[in-house]
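For reference, upload-v3.cif is printed below; it contains mmCIF, C-alpha atoms.
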data_start
#
loop_
_atom_site.label_atom_id
_atom_site.label_comp_id
_atom_site.auth_asym_id
_atom_site.auth_seq_id
_atom_site.Cartn_x
_atom_site.Cartn_y
_atom_site.Cartn_z
CA MET A 1 14.28 -5.65 -29.83
CA LYS A 2 14.06 -5.67 -33.58
CA GLY A 3 15.49 -2.25 -34.35
CA ALA A 4 14.28 1.29 -34.74
CA LEU A 5 11.27 2.13 -36.91
CA LYS A 6 10.07 5.36 -38.40
CA PRO A 7 6.78 6.40 -36.77
CA GLU A 8 4.91 5.87 -40.06
CA ALA A 9 6.25 2.31 -40.32
CA ALA A 10 5.16 1.61 -36.74
CA ALA A 11 1.70 3.00 -37.47
CA GLU A 12 1.42 0.68 -40.49
CA MET A 13 1.68 -2.31 -38.16
CA ILE A 14 -1.53 -1.31 -36.40
CA PRO A 15 -4.68 -2.57 -38.16
CA GLU A 16 -8.16 -1.09 -38.10
CA GLY A 17 -10.00 -1.99 -34.90
CA ALA A 18 -6.83 -2.82 -32.95
CA SER A 19 -6.62 -2.57 -29.16
CA LEU A 20 -3.97 -0.16 -27.91
CA MET A 21 -2.66 0.35 -24.41
CA ILE A 22 -1.14 3.81 -24.29
CA GLY A 23 1.06 5.19 -21.54
CA GLY A 24 0.58 8.62 -20.02
CA PHE A 25 -1.34 10.59 -17.43
CA MET A 26 -2.95 13.68 -18.91
CA ALA A 27 -0.48 13.20 -21.80
CA VAL A 28 2.59 13.22 -19.54
CA GLY A 29 4.50 10.11 -20.63
CA THR A 30 2.47 9.61 -23.81
CA PRO A 31 4.35 8.75 -27.04
CA GLU A 32 3.28 11.78 -29.07
CA ARG A 33 5.13 10.98 -32.33
CA MET A 34 3.51 7.53 -32.37
CA ILE A 35 0.07 9.08 -31.85
CA ASP A 36 0.71 11.63 -34.61
CA ALA A 37 1.61 8.84 -37.03
CA ILE A 38 -1.60 6.93 -36.26
CA VAL A 39 -3.62 10.12 -36.79
CA THR A 40 -1.84 10.74 -40.13
CA ARG A 41 -2.54 7.20 -41.27
CA GLY A 42 -6.16 7.45 -40.06
CA THR A 43 -6.47 3.97 -38.57
CA GLY A 44 -9.96 3.84 -37.08
CA GLY A 45 -12.19 1.72 -34.87
CA LEU A 46 -9.53 1.60 -32.17
CA THR A 47 -9.96 0.45 -28.59
CA VAL A 48 -7.83 2.59 -26.29
CA ILE A 49 -6.90 1.38 -22.81
CA ALA A 50 -5.26 4.15 -20.80
CA ASN A 51 -5.57 6.13 -17.60
CA ASP A 52 -7.38 9.02 -19.33
CA THR A 53 -7.99 10.57 -22.72
CA ALA A 54 -5.90 13.68 -22.00
CA MET A 55 -7.28 16.87 -23.52
CA PRO A 56 -7.98 17.98 -27.08
CA GLY A 57 -4.75 18.54 -28.97
CA ARG A 58 -2.52 16.43 -26.74
CA GLY A 59 -1.73 12.72 -26.53
CA ILE A 60 -4.76 10.45 -26.75
CA GLY A 61 -6.90 13.56 -27.21
CA LYS A 62 -5.60 13.70 -30.79
CA LEU A 63 -6.94 10.19 -31.51
CA ILE A 64 -10.31 11.17 -30.03
CA SER A 65 -10.52 14.41 -32.05
CA ALA A 66 -9.66 12.52 -35.25
CA GLY A 67 -12.60 10.14 -34.68
CA LEU A 68 -10.36 7.07 -34.63
CA VAL A 69 -11.51 5.65 -31.30
CA ARG A 70 -14.51 3.35 -30.91
CA HIS A 71 -14.07 2.14 -27.33
CA VAL A 72 -12.25 3.52 -24.30
CA ILE A 73 -11.29 1.78 -21.08
CA ALA A 74 -10.07 4.50 -18.71
CA SER A 75 -10.38 5.85 -15.18
CA HIS A 76 -11.08 9.48 -16.07
CA ILE A 77 -12.29 11.33 -19.14
CA GLY A 78 -13.42 14.51 -17.37
CA LEU A 79 -10.73 16.82 -18.74
CA ASN A 80 -11.53 15.97 -22.37
CA PRO A 81 -14.96 17.39 -23.26
CA GLU A 82 -14.76 15.76 -26.72
CA THR A 83 -14.60 12.28 -25.19
CA GLN A 84 -17.61 13.09 -23.02
CA ALA A 85 -19.58 14.47 -25.97
CA LYS A 86 -18.76 11.45 -28.16
CA MET A 87 -19.71 9.11 -25.33
CA ILE A 88 -23.07 10.84 -24.91
CA SER A 89 -23.71 10.77 -28.69
CA GLY A 90 -22.82 7.07 -28.81
CA GLU A 91 -19.83 7.46 -31.15
CA ILE A 92 -17.57 6.14 -28.40
CA THR A 93 -18.38 3.51 -25.79
CA CYS A 94 -16.61 3.91 -22.52
CA GLU A 95 -15.82 1.60 -19.61
CA LEU A 96 -14.83 3.64 -16.57
CA VAL A 97 -12.63 1.74 -14.12
CA PRO A 98 -11.18 2.94 -10.79
CA GLN A 99 -7.57 3.93 -11.44
CA GLY A 100 -6.02 1.48 -9.00
CA THR A 101 -8.18 -1.33 -10.32
CA LEU A 102 -7.35 -0.47 -13.93
CA ILE A 103 -3.60 -0.61 -13.42
CA GLU A 104 -3.88 -3.90 -11.50
CA ARG A 105 -6.10 -5.46 -14.20
CA ILE A 106 -3.45 -4.53 -16.74
CA ARG A 107 -0.72 -5.86 -14.45
CA ALA A 108 -2.64 -9.12 -14.03
CA GLY A 109 -2.98 -9.40 -17.80
CA GLY A 110 0.70 -8.79 -18.31
CA MET A 111 1.90 -11.02 -15.51
CA GLY A 112 -0.18 -14.06 -16.29
CA LEU A 113 -2.58 -13.79 -13.38
CA GLY A 114 -6.27 -14.66 -13.58
CA GLY A 115 -7.52 -11.39 -12.17
CA VAL A 116 -7.52 -9.05 -9.21
CA LEU A 117 -9.36 -9.18 -5.89
CA THR A 118 -10.03 -5.67 -4.60
CA SER A 119 -12.38 -3.94 -2.17
CA THR A 120 -12.40 -0.84 -4.36
CA GLY A 121 -15.79 -0.45 -6.00
CA LEU A 122 -17.76 -2.60 -3.52
CA GLY A 123 -21.12 -1.02 -2.82
CA THR A 124 -20.90 1.22 -5.88
CA GLU A 125 -21.94 1.05 -9.54
CA VAL A 126 -18.58 -0.61 -10.23
CA GLU A 127 -19.68 -3.88 -8.61
CA GLU A 128 -22.67 -4.35 -10.96
CA GLY A 129 -22.50 -7.69 -12.75
CA LYS A 130 -19.28 -8.74 -11.03
CA GLN A 131 -18.50 -11.74 -8.88
CA ILE A 132 -17.84 -11.09 -5.18
CA VAL A 133 -15.70 -13.48 -3.15
CA THR A 134 -14.84 -13.63 0.53
CA VAL A 135 -11.24 -14.40 1.47
CA GLU A 136 -10.27 -14.66 5.14
CA GLY A 137 -13.46 -12.84 6.07
CA ILE A 138 -12.98 -9.87 3.73
CA ARG A 139 -15.19 -9.29 0.68
CA TYR A 140 -13.61 -8.50 -2.67
CA LEU A 141 -14.72 -7.79 -6.20
CA VAL A 142 -13.26 -10.09 -8.82
CA GLU A 143 -11.79 -7.92 -11.58
CA THR A 144 -10.67 -9.55 -14.81
CA PRO A 145 -7.26 -9.15 -16.47
CA ILE A 146 -6.75 -6.87 -19.48
CA THR A 147 -4.31 -7.30 -22.36
CA ALA A 148 -4.06 -5.55 -25.73
CA ALA A 149 -2.64 -6.15 -29.19
CA PHE A 150 -0.25 -3.22 -28.79
CA ALA A 151 1.36 -1.30 -25.95
CA LEU A 152 2.60 2.16 -26.93
CA ILE A 153 5.18 3.37 -24.44
CA GLY A 154 6.48 6.88 -23.79
CA ALA A 155 9.96 6.61 -22.20
CA TRP A 156 12.69 9.07 -21.24
CA GLN A 157 15.74 7.11 -22.41
CA ALA A 158 16.03 3.93 -24.46
CA ASP A 159 19.32 2.14 -25.12
CA TYR A 160 20.29 0.11 -28.19
CA VAL A 161 18.76 -3.09 -26.80
CA GLY A 162 15.51 -1.41 -25.81
CA ASN A 163 16.06 -1.02 -22.07
CA LEU A 164 13.91 1.88 -20.91
CA ASN A 165 13.72 4.32 -18.06
CA TYR A 166 11.26 7.08 -17.26
CA MET A 167 11.40 10.56 -15.79
CA LEU A 168 9.44 11.69 -12.70
CA THR A 169 5.67 11.51 -13.20
CA ALA A 170 6.01 10.16 -16.74
CA HIS A 171 6.26 6.58 -15.36
CA ASN A 172 2.54 6.18 -14.63
CA PHE A 173 1.10 3.31 -16.74
CA ASN A 174 4.16 2.85 -18.98
CA PRO A 175 6.18 0.19 -17.09
CA ILE A 176 3.03 -1.88 -16.51
CA ILE A 177 1.58 -1.82 -20.04
CA ALA A 178 4.98 -2.95 -21.35
CA LEU A 179 4.02 -6.42 -20.05
CA ALA A 180 0.44 -6.45 -21.29
CA GLY A 181 0.73 -5.59 -24.99
CA ARG A 182 1.46 -8.44 -27.40
CA THR A 183 3.52 -6.03 -29.52
CA VAL A 184 5.36 -3.32 -27.59
CA ILE A 185 6.45 -0.13 -29.34
CA ALA A 186 8.49 2.38 -27.35
CA GLU A 187 9.19 6.01 -28.15
CA ALA A 188 11.91 7.66 -26.06
CA ASP A 189 12.97 11.28 -25.61
CA SER A 190 16.48 10.11 -26.40
CA ILE A 191 18.27 6.95 -27.52
CA VAL A 192 21.52 6.29 -25.69
CA PRO A 193 24.37 3.76 -25.93
CA VAL A 194 24.11 0.52 -23.95
CA GLY A 195 25.40 1.14 -20.43
CA VAL A 196 24.23 4.74 -20.15
CA ILE A 197 21.18 3.36 -18.36
CA PRO A 198 22.82 1.33 -15.57
CA PRO A 199 21.25 -2.10 -14.98
CA ASP A 200 19.81 -0.95 -11.65
CA ALA A 201 18.07 2.00 -13.33
CA VAL A 202 16.32 -0.02 -16.05
CA LYS A 203 12.57 0.12 -15.39
CA THR A 204 11.48 -1.83 -18.48
CA PRO A 205 13.92 -4.52 -19.64
CA GLY A 206 14.58 -4.42 -23.37
CA VAL A 207 13.44 -8.02 -23.80
CA LEU A 208 9.87 -6.71 -23.48
CA VAL A 209 10.28 -4.09 -26.20
CA ASP A 210 9.62 -5.22 -29.78
CA HIS A 211 10.28 -1.93 -31.57
CA LEU A 212 11.78 1.45 -30.82
CA LEU A 213 10.84 4.53 -32.75
CA ILE A 214 13.81 6.25 -34.38
CA ARG A 215 15.08 9.31 -32.58
CA ALA A 216 13.18 12.55 -32.94
CA ALA A 217 14.46 14.75 -35.75
CA MET B 1 -10.77 35.15 3.68
CA ASP B 2 -12.88 33.31 1.11
CA ALA B 3 -14.72 30.05 1.84
CA LYS B 4 -12.17 27.82 0.12
CA GLU B 5 -9.24 29.30 2.01
CA LEU B 6 -11.10 28.89 5.29
CA ILE B 7 -11.75 25.21 4.54
CA ALA B 8 -8.13 24.64 3.48
CA ARG B 9 -6.77 26.33 6.63
CA ARG B 10 -8.96 24.18 8.87
CA VAL B 11 -8.09 20.93 7.08
CA ALA B 12 -4.39 21.79 7.35
CA ARG B 13 -4.65 21.43 11.13
CA GLU B 14 -5.64 17.76 10.71
CA ILE B 15 -2.31 16.88 9.15
CA ARG B 16 0.05 15.12 11.54
CA PRO B 17 3.84 15.30 11.41
CA GLY B 18 5.71 12.72 9.38
CA THR B 19 2.71 11.40 7.46
CA LEU B 20 1.97 10.56 3.82
CA VAL B 21 -1.01 12.57 2.55
CA ASN B 22 -2.89 12.67 -0.76
CA LEU B 23 -4.70 15.88 -1.65
CA GLY B 24 -7.35 15.83 -4.35
CA ILE B 25 -7.31 18.36 -7.16
CA GLY B 26 -9.07 21.70 -6.72
CA LEU B 27 -9.89 22.90 -3.21
CA PRO B 28 -8.09 20.03 -1.37
CA SER B 29 -4.80 20.87 -3.09
CA MET B 30 -4.92 24.32 -1.41
CA VAL B 31 -4.37 22.63 1.96
CA ALA B 32 -0.66 22.22 1.23
CA ASN B 33 -0.24 26.01 1.29
CA PHE B 34 -1.01 26.03 5.03
CA VAL B 35 1.07 23.07 6.21
CA PRO B 36 4.44 24.09 7.71
CA SER B 37 7.33 22.84 5.61
CA ASP B 38 9.16 21.53 8.71
CA LEU B 39 6.33 19.13 9.60
CA GLY B 40 7.98 16.29 7.68
CA VAL B 41 4.86 15.60 5.63
CA PHE B 42 5.13 14.02 2.19
CA PHE B 43 2.33 14.76 -0.24
CA GLN B 44 1.54 12.09 -2.79
CA ALA B 45 0.14 12.79 -6.22
CA GLU B 46 -1.38 9.56 -7.49
CA ASN B 47 -0.01 10.05 -10.99
CA GLY B 48 3.34 9.16 -9.52
CA VAL B 49 5.23 11.30 -7.05
CA ILE B 50 5.78 11.17 -3.30
CA GLY B 51 7.01 14.56 -2.17
CA LEU B 52 4.98 16.96 -4.25
CA GLY B 53 6.21 20.56 -3.97
CA ALA B 54 4.83 23.97 -4.79
CA ARG B 55 4.18 25.31 -8.26
CA PRO B 56 7.40 25.99 -10.18
CA LEU B 57 8.49 29.47 -11.14
CA GLU B 58 7.20 30.54 -14.52
CA GLY B 59 9.50 29.29 -17.24
CA MET B 60 11.01 26.66 -14.91
CA GLU B 61 8.37 23.95 -15.44
CA VAL B 62 9.51 20.36 -16.02
CA ARG B 63 7.45 18.71 -18.75
CA HIS B 64 7.53 15.37 -16.91
CA LEU B 65 6.59 16.63 -13.45
CA THR B 66 2.89 17.31 -12.94
CA ASP B 67 0.18 16.64 -10.36
CA ALA B 68 -2.91 14.50 -10.81
CA GLY B 69 -4.73 17.42 -12.40
CA GLY B 70 -2.01 17.78 -15.02
CA GLY B 71 -0.67 21.03 -13.54
CA PHE B 72 3.07 21.65 -13.26
CA VAL B 73 4.58 21.06 -9.82
CA THR B 74 7.97 20.71 -8.17
CA ALA B 75 9.34 17.95 -5.94
CA VAL B 76 10.78 18.39 -2.45
CA PRO B 77 14.10 16.94 -1.22
CA GLY B 78 13.57 13.25 -0.52
CA ALA B 79 10.93 12.89 -3.22
CA ALA B 80 10.43 9.63 -5.10
CA SER B 81 8.86 9.00 -8.48
CA ILE B 82 6.76 5.86 -8.82
CA ASP B 83 4.58 4.08 -11.35
CA SER B 84 0.80 3.76 -11.09
CA ALA B 85 0.87 0.24 -9.59
CA MET B 86 3.14 1.40 -6.75
CA SER B 87 1.09 4.57 -6.36
CA PHE B 88 -2.16 2.67 -5.90
CA GLY B 89 -0.43 -0.02 -3.86
CA LEU B 90 0.38 2.74 -1.39
CA ILE B 91 -3.23 3.92 -1.46
CA ARG B 92 -5.01 0.57 -1.35
CA GLY B 93 -2.48 -1.23 0.81
CA GLY B 94 -2.92 0.94 3.90
CA HIS B 95 0.29 2.97 3.50
CA LEU B 96 -1.44 6.31 2.95
CA ASP B 97 -2.13 8.07 6.25
CA MET B 98 -4.70 10.55 4.98
CA THR B 99 -6.58 11.66 1.90
CA VAL B 100 -8.47 14.92 1.45
CA LEU B 101 -11.11 14.90 -1.29
CA GLY B 102 -13.84 17.14 -2.58
CA GLY B 103 -17.46 16.02 -2.30
CA LEU B 104 -20.85 16.35 -3.95
CA GLN B 105 -22.79 14.83 -1.04
CA VAL B 106 -22.09 13.31 2.38
CA ASP B 107 -24.97 11.62 4.18
CA GLU B 108 -26.00 10.78 7.74
CA SER B 109 -24.25 7.41 7.60
CA GLY B 110 -21.02 9.09 6.48
CA HIS B 111 -21.15 7.87 2.89
CA LEU B 112 -19.59 10.08 0.22
CA ALA B 113 -20.72 10.70 -3.35
CA ASN B 114 -18.18 12.63 -5.37
CA TRP B 115 -17.66 11.23 -8.85
CA LYS B 116 -20.80 11.33 -10.95
CA VAL B 117 -24.01 13.24 -11.59
CA PRO B 118 -25.97 10.84 -13.82
CA GLY B 119 -26.90 12.42 -17.14
CA LYS B 120 -24.91 15.58 -16.40
CA MET B 121 -21.36 14.93 -15.35
CA VAL B 122 -19.69 11.58 -15.97
CA PRO B 123 -15.97 12.31 -15.76
CA GLY B 124 -14.98 8.94 -14.32
CA MET B 125 -13.90 8.14 -10.79
CA GLY B 126 -10.16 8.45 -11.39
CA GLY B 127 -8.49 7.47 -8.13
CA ALA B 128 -11.32 8.53 -5.80
CA MET B 129 -12.75 5.05 -5.15
CA ASP B 130 -9.35 3.61 -4.30
CA LEU B 131 -8.50 6.59 -2.08
CA VAL B 132 -11.70 6.39 -0.04
CA THR B 133 -11.45 2.61 0.23
CA GLY B 134 -7.79 2.48 1.16
CA ALA B 135 -6.60 5.60 3.01
CA ALA B 136 -6.23 5.33 6.78
CA ARG B 137 -8.16 8.59 7.25
CA VAL B 138 -10.57 10.23 4.79
CA ILE B 139 -11.43 13.92 5.07
CA VAL B 140 -13.95 15.61 2.81
CA ALA B 141 -13.29 19.29 2.12
CA MET B 142 -16.22 20.99 0.42
CA GLN B 143 -18.59 23.93 0.46
CA HIS B 144 -21.53 23.30 2.79
CA SER B 145 -24.07 24.03 0.05
CA ALA B 146 -24.21 24.25 -3.72
CA LYS B 147 -26.80 26.36 -5.54
CA GLY B 148 -28.70 26.77 -2.27
CA GLN B 149 -28.88 23.00 -1.69
CA SER B 150 -27.26 21.41 1.35
CA LYS B 151 -24.52 18.94 0.41
CA ILE B 152 -24.86 17.29 3.84
CA VAL B 153 -27.89 15.13 3.17
CA GLN B 154 -30.00 12.45 4.85
CA CYS B 155 -29.11 9.85 2.28
CA CYS B 156 -26.91 10.28 -0.81
CA THR B 157 -28.97 10.46 -4.00
CA LEU B 158 -25.87 10.51 -6.21
CA PRO B 159 -23.80 7.35 -6.89
CA LEU B 160 -21.58 6.44 -3.93
CA THR B 161 -17.80 6.53 -4.11
CA ALA B 162 -17.25 3.67 -1.66
CA LEU B 163 -18.85 1.57 1.07
CA ARG B 164 -16.38 2.99 3.56
CA CYS B 165 -17.58 6.00 5.57
CA VAL B 166 -15.54 9.18 5.73
CA ASP B 167 -13.88 10.30 8.97
CA LEU B 168 -14.40 14.06 8.93
CA VAL B 169 -16.17 16.71 6.84
CA VAL B 170 -14.86 20.28 6.78
CA THR B 171 -17.04 22.95 5.15
CA ASP B 172 -17.14 26.73 5.10
CA LEU B 173 -19.67 26.56 7.95
CA ALA B 174 -18.73 23.61 10.12
CA VAL B 175 -16.61 20.62 11.04
CA ILE B 176 -18.78 17.51 11.14
CA GLU B 177 -17.78 14.03 12.28
CA PRO B 178 -19.70 11.05 10.94
CA THR B 179 -20.06 8.34 13.60
CA GLY B 180 -21.99 5.12 13.97
CA MET B 181 -24.70 7.19 15.68
CA GLY B 182 -24.96 9.85 13.01
CA LEU B 183 -23.35 13.20 12.26
CA ILE B 184 -21.88 15.15 15.17
CA LEU B 185 -21.34 18.89 14.86
CA ARG B 186 -17.82 19.43 16.22
CA GLU B 187 -16.93 23.02 15.29
CA ARG B 188 -18.42 26.21 13.87
CA ALA B 189 -16.76 28.50 11.37
CA PRO B 190 -15.82 31.89 12.88
CA GLY B 191 -18.96 33.93 13.49
CA VAL B 192 -21.39 31.20 12.39
CA SER B 193 -24.06 30.07 14.87
CA VAL B 194 -25.26 26.53 15.50
CA GLU B 195 -28.71 27.64 14.34
CA ALA B 196 -27.32 28.88 11.04
CA ILE B 197 -25.55 25.55 10.51
CA ARG B 198 -28.70 23.58 11.28
CA ALA B 199 -30.68 25.76 8.87
CA ALA B 200 -28.17 25.13 6.10
CA THR B 201 -28.03 21.36 6.67
CA GLU B 202 -30.53 18.84 5.34
CA ALA B 203 -29.17 16.01 7.46
CA ALA B 204 -29.87 15.60 11.18
CA LEU B 205 -26.97 16.85 13.31
CA PHE B 206 -26.16 15.86 16.87
CA VAL B 207 -25.07 19.03 18.67
CA PRO B 208 -22.94 18.71 21.82
CA ASP B 209 -23.31 21.32 24.58
CA ASP B 210 -20.13 23.04 23.50
CA VAL B 211 -19.44 23.62 19.81
CA PRO B 212 -16.28 25.73 19.66
CA GLU B 213 -15.22 27.94 16.77
CA MET B 214 -12.71 26.48 14.33
CA ILE B 215 -9.07 27.25 14.90
CA LEU B 216 -7.35 27.85 11.57
CA ALA B 217 -3.81 27.15 10.46
#

Represent the supplied structure as structure tokens.
Amino acid sequence: MKGALKPEAAAEMIPEGASLMIGGFMAVGTPERMIDAIVTRGTGGLTVIANDTAMPGRGIGKLISAGLVRHVIASHIGLNPETQAKMISGEITCELVPQGTLIERIRAGGMGLGGVLTSTGLGTEVEEGKQIVTVEGIRYLVETPITAAFALIGAWQADYVGNLNYMLTAHNFNPIIALAGRTVIAEADSIVPVGVIPPDAVKTPGVLVDHLLIRAA
Amino acid sequence: MDAKELIARRVAREIRPGTLVNLGIGLPSMVANFVPSDLGVFFQAENGVIGLGARPLEGMEVRHLTDAGGGFVTAVPGAASIDSAMSFGLIRGGHLDMTVLGGLQVDESGHLANWKVPGKMVPGMGGAMDLVTGAARVIVAMQHSAKGQSKIVQCCTLPLTALRCVDLVVTDLAVIEPTGMGLILRERAPGVSVEAIRAATEAALFVPDDVPEMILA
């Protein structure tokens, strides 16, 4: 962990066209100050890999509204009418992936595995163009791993070495994307002294976290 | 009693003591209102909680505790918060005893379509494909017809959710069990005749000699 950055300094690290994994489920567990800084800077052409695109005015929805997103890999965009409209108009391309498959593809990317074998999606549009293998008599789709240039994490507490924990349903994609982004930036609700998060309660070890955002004002 | 409440009350009787159950958003989530709290059932929300509770009192919402639709919820004693990989490991790995989902179409072979209307509604499949593929028991809770069209059809014309067939369909008119031989009419809604159900159903139904009225929770 290289120390705490102001949100605008963190946003400066992200170039045009970068791929971002962003934590959160309908914006619960999404690093909002980080998103705001990207919107302020206006970095465009982004690829966003996340469970969903939230709703207008919250979380990833703010990146969509600002026209900064070119490509989305997500399981659900149904609660953000702007994402749907931009997909239909061609402004955004969208790869829809079953939620359980999406998180495992990210996990595979982050854990150095060559992909995922899953029955989910067999016999549906999801299998189009994909390899099917049979293992011990059961058919599986071969789903490829996903990584990204950046993982943007929304945590509950962070300590001085970057250990993170999460509250309730704000875990979602966060602990998994922490492995799959080449640069990991974490924003926490609060920053606490080392030891306040006991070792057994650490969900993301600080060694994975490259930068923390400074505490909220 | 309106149609949705009738469906929810009938589905509630399918829930066995001590099981783990996932309820979809919308109509399926109403089922929880009719399950006795002493049944020892844990409800899972796939965004990351086992032990979903009722809506919180106004002003008592926890920002980091929502259901899969993004609505505020509470957690019951014994609840656990989990990340998305664990959540879908439970679903895909055979640890989820039952899922209740909404539907757009169910056909004579028991296939479900519930995630896409090409050209009109492309919200993404979210967790639906994993749930139908992985849950031990799949129940579809939906209105029998939409805009005058039967949703119980000969063959799904909308994109399928999974290869796996569903186990039971509960509508405002009937309880229908898909089997290898076709759809069997198991129960009638209170005051609804077999003839009325046949007339409202596009698919062929096998009708046993005795088709009792539904008993509601």

Near stretch 175-177 of chain B, within 8 Å and counting only C-alpha atoms, which residues show up once chain neighbours fewer than 2 positions away are dropped, as a compact mmCIF listing (two decimals) with C-alpha atoms, in the coordinates of the input?
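Produced file around_13.txt, reproduced below:
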# COMPACT_ATOMS: atom_id res chain seq x y z
CA ASP B 167 -13.88 10.30 8.97
CA LEU B 168 -14.40 14.06 8.93
CA VAL B 169 -16.17 16.71 6.84
CA VAL B 170 -14.86 20.28 6.78
CA THR B 171 -17.04 22.95 5.15
CA LEU B 173 -19.67 26.56 7.95
CA THR B 179 -20.06 8.34 13.60
CA LEU B 183 -23.35 13.20 12.26
CA ILE B 184 -21.88 15.15 15.17
CA LEU B 185 -21.34 18.89 14.86
CA ARG B 186 -17.82 19.43 16.22
CA GLU B 187 -16.93 23.02 15.29
CA ARG B 188 -18.42 26.21 13.87
CA ALA B 189 -16.76 28.50 11.37
CA MET B 214 -12.71 26.48 14.33

Starting from chain A, keep only residues with some atom at most 8 Å from an atom of chain B, counting only C-alpha atoms, and report them as an MDAnalysis selection string. chainID A and resid 25:26 28:29 74:79 84 96:101 103:104 107 119:125 167:176

Could you dump the residues just selected with C-alpha atoms as a PDB file, in the coordinates of the input?
ATOM      1  CA  PHE A  25      -1.340  10.590 -17.430  1.00  0.00           C
ATOM      2  CA  MET A  26      -2.950  13.680 -18.910  1.00  0.00           C
ATOM      3  CA  VAL A  28       2.590  13.220 -19.540  1.00  0.00           C
ATOM      4  CA  GLY A  29       4.500  10.110 -20.630  1.00  0.00           C
ATOM      5  CA  ALA A  74     -10.070   4.500 -18.710  1.00  0.00           C
ATOM      6  CA  SER A  75     -10.380   5.850 -15.180  1.00  0.00           C
ATOM      7  CA  HIS A  76     -11.080   9.480 -16.070  1.00  0.00           C
ATOM      8  CA  ILE A  77     -12.290  11.330 -19.140  1.00  0.00           C
ATOM      9  CA  GLY A  78     -13.420  14.510 -17.370  1.00  0.00           C
ATOM     10  CA  LEU A  79     -10.730  16.820 -18.740  1.00  0.00           C
ATOM     11  CA  GLN A  84     -17.610  13.090 -23.020  1.00  0.00           C
ATOM     12  CA  LEU A  96     -14.830   3.640 -16.570  1.00  0.00           C
ATOM     13  CA  VAL A  97     -12.630   1.740 -14.120  1.00  0.00           C
ATOM     14  CA  PRO A  98     -11.180   2.940 -10.790  1.00  0.00           C
ATOM     15  CA  GLN A  99      -7.570   3.930 -11.440  1.00  0.00           C
ATOM     16  CA  GLY A 100      -6.020   1.480  -9.000  1.00  0.00           C
ATOM     17  CA  THR A 101      -8.180  -1.330 -10.320  1.00  0.00           C
ATOM     18  CA  ILE A 103      -3.600  -0.610 -13.420  1.00  0.00           C
ATOM     19  CA  GLU A 104      -3.880  -3.900 -11.500  1.00  0.00           C
ATOM     20  CA  ARG A 107      -0.720  -5.860 -14.450  1.00  0.00           C
ATOM     21  CA  SER A 119     -12.380  -3.940  -2.170  1.00  0.00           C
ATOM     22  CA  THR A 120     -12.400  -0.840  -4.360  1.00  0.00           C
ATOM     23  CA  GLY A 121     -15.790  -0.450  -6.000  1.00  0.00           C
ATOM     24  CA  LEU A 122     -17.760  -2.600  -3.520  1.00  0.00           C
ATOM     25  CA  GLY A 123     -21.120  -1.020  -2.820  1.00  0.00           C
ATOM     26  CA  THR A 124     -20.900   1.220  -5.880  1.00  0.00           C
ATOM     27  CA  GLU A 125     -21.940   1.050  -9.540  1.00  0.00           C
ATOM     28  CA  MET A 167      11.400  10.560 -15.790  1.00  0.00           C
ATOM     29  CA  LEU A 168       9.440  11.690 -12.700  1.00  0.00           C
ATOM     30  CA  THR A 169       5.670  11.510 -13.200  1.00  0.00           C
ATOM     31  CA  ALA A 170       6.010  10.160 -16.740  1.00  0.00           C
ATOM     32  CA  HIS A 171       6.260   6.580 -15.360  1.00  0.00           C
ATOM     33  CA  ASN A 172       2.540   6.180 -14.630  1.00  0.00           C
ATOM     34  CA  PHE A 173       1.100   3.310 -16.740  1.00  0.00           C
ATOM     35  CA  ASN A 174       4.160   2.850 -18.980  1.00  0.00           C
ATOM     36  CA  PRO A 175       6.180   0.190 -17.090  1.00  0.00           C
ATOM     37  CA  ILE A 176       3.030  -1.880 -16.510  1.00  0.00           C
TER      38      ILE A 176
END

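Here atom CA of B:Leu101 stands at a distance of 19.8 Å from atom CA of B:Arg55.
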
Given the PyMOL selection byres ((chain B and resi 195) around 12) and the file above, list the residues it selects as JSON, numbers by chain. {"B": [173, 174, 185, 188, 191, 192, 193, 194, 196, 197, 198, 199, 200, 201, 205, 207, 211]}

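Using the PyMOL selection byres ((chain A and resi 106) around 8) on this structure selects Leu102, Ile103, Glu104, Arg105, Arg107, Ala108, Gly109, Gly110, Pro145, Ile146, Thr147, Ile176, Ile177 and Ala180 of chain A.
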
Computed interatomic separation between atom CA of A:Ala37 and atom CA of A:Val196 (Å): 28.5 Å

Using all atoms listed in the file, which residues sit within 12 Å of B:Gly182 once same-chain residues fewer than 6 positions away are excluded, as an MDAnalysis selection string? chainID B and resid 106:111 152:155 165:167 176 203:207

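Here atom CA of B:Ser29 is placed at a distance of 11.9 Å from atom CA of B:Met142.
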
The residue from B:Arg13, B:His144, B:Arg137, B:Lys4 with the smallest atom-to-atom distance to B:Thr99, counting only C-alpha atoms, is B:Arg137

B:Ile15 proximity check over B:Leu104, B:Ala146, B:Val31, B:Met1, using all atoms listed in the file: winner is B:Val31

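Of the residues under consideration (B:Val100, B:Ala135, B:Leu90, B:Leu216), B:Leu216 shows the shortest atom-to-atom contact distance to B:Asp172 when counting all atoms listed in the file.
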
List the spatial neighbours of A:Ser65 as an MDAnalysis selection string - criterion: any atom at most 9 Å away, all atoms listed in the file, same-chain residues fewer than 3 positions off excluded. chainID A and resid 56:57 60:62 68:69 82:83
